[in-house]
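See below for the structure under consideration.
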Amino acid sequence: MADSRPQQGESPVAQLDVTISACEDGAFQKRGHKARILSPEEAEKLAREQVFVSDFKQQKLEKEAQKNWDLFYKRNSTNFFKDRHWTTREFEELKACREFEDQKLTILEAGCGVGNCLFPLLEEDLNIFAYACDFSPRAVEYVKQNPLYDAQRCKAFQCDLTKDDILENVPSDSVDVVTLIFVLSAVHPEKMHLVLHNLYKVLKPGKCVLFRDYGLYDHAMLRFKSSNKLGENFYVRQDGTRSYFFTDE
């Protein structure tokens, strides 16, 4: 089965962008969900796919999730994903959240991978200090080995956001912006809320999470077979990594 992730230079057809503010009213802005209209053939294919992966295999995938992502980075090194030079263009909040032009921002990139978003941001904006964490220890090592890594401007660390306390590496209420870009889809749906609770601890009051991820009916979703279906809108790739496809709701 072909890998369902976007390759170098390829963007998902359906994606969901959300800005979530850390306010008591839970305010958020939603934009950019390009919902696809399914063809009759595609609709029929999805209707037929009701066979889920066995409970035993699902538990095994959850237990081995970190190992599977570590093996992914072992196979692909830093070559799989293209650098994301579009972050400040697509998320205007990165500039709008400043009270004055040269204000120093502290960001947290949750699920930093090998730094494809992190390093373009640090190069483009010299007034950013970044925390960066990933599930995969190997990915974090690739970040630290990058020639652009500067401990004065960045702190990279391994973290399982579903269970590790992020306060061990990031001070409480210290972060202006959290980026969560093509990350939450790799987490089991029942544990997604744990990630958000963890990130909330380090956000300054009134600051925001920038979220982008796969939208429902993306071509990547339609490439999966019924034998890869873990649950509603939730699938496993051939290498054991998983992907969820979000609705607006």
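Following the order of the structure tokens, first chain is A, next is B, and so on, with residues numbered from 1 inside each chain and ligands from 1 in the order they appear.
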
Q. DSSP on the backbone: what in region 6-232 of chain A comes out helix (DSSP H, G or I), as a PyMOL selection string?
A. chain A and resi 40-48+55-63+65-76+87-90+93-96+118-124+137-145+166-168+184-186+189-200+219-223+226-228

What are the nearest atom pairs, with distances in Å to one decimal, for all residues of region 112-215 of chain A that come at most 10 Å from region 219-232 of chain A, using only C-alpha atoms, set out by chain and rising residue number as a tab-separated table?
```
residue	atom	partner	partner_atom	distance
A:His188	CA	A:Leu230	CA	9.7
A:Pro189	CA	A:Gly231	CA	9.3
A:Tyr214	CA	A:Ala220	CA	8.7
A:Gly215	CA	A:Met221	CA	9.0
```

Keeping N, CA, C and O atoms for every residue in the selection just given, could you write it to a file as a PDB file, in the first residue's frame?
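New file selection.pdb:
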```pdb
ATOM      1  N   HIS A 188      -4.418   8.520  19.118  1.00  0.00           N
ATOM      2  CA  HIS A 188      -5.698   7.821  19.214  1.00  0.00           C
ATOM      3  C   HIS A 188      -6.788   8.818  19.614  1.00  0.00           C
ATOM      4  O   HIS A 188      -6.580   9.641  20.521  1.00  0.00           O
ATOM      5  N   PRO A 189      -7.948   8.795  18.955  1.00  0.00           N
ATOM      6  CA  PRO A 189      -9.013   9.774  19.250  1.00  0.00           C
ATOM      7  C   PRO A 189      -9.389   9.850  20.731  1.00  0.00           C
ATOM      8  O   PRO A 189      -9.739  10.926  21.221  1.00  0.00           O
ATOM      9  N   TYR A 214      -5.438  16.736   8.741  1.00  0.00           N
ATOM     10  CA  TYR A 214      -6.199  16.129   7.657  1.00  0.00           C
ATOM     11  C   TYR A 214      -7.697  16.341   7.842  1.00  0.00           C
ATOM     12  O   TYR A 214      -8.218  16.152   8.933  1.00  0.00           O
ATOM     13  N   GLY A 215      -8.373  16.698   6.752  1.00  0.00           N
ATOM     14  CA  GLY A 215      -9.821  16.818   6.766  1.00  0.00           C
ATOM     15  C   GLY A 215     -10.474  15.564   6.189  1.00  0.00           C
ATOM     16  O   GLY A 215      -9.859  14.792   5.446  1.00  0.00           O
TER      17      GLY A 215
END
```

Q) If we count only C-alpha atoms, what is near Leu196 (chain A) at a cut-off of 10 Å, once residues fewer than 6 positions away on the same chain are taken out, given as JSON, numbers by chain? A) {"A": [161, 162, 180, 184, 209]}

**Q.** Counting only C-alpha atoms, the residue of A:Glu109, A:Asp70, A:Glu93, A:Asp102 that sits nearest Asn127 (chain A)
**A.** A:Asp102

Q | Those of region 93-192 of chain A in DSSP strand (DSSP E or B), formatted as a VMD selection string | A | chain A and resid 105 to 110 128 to 134 154 to 158 175 to 181
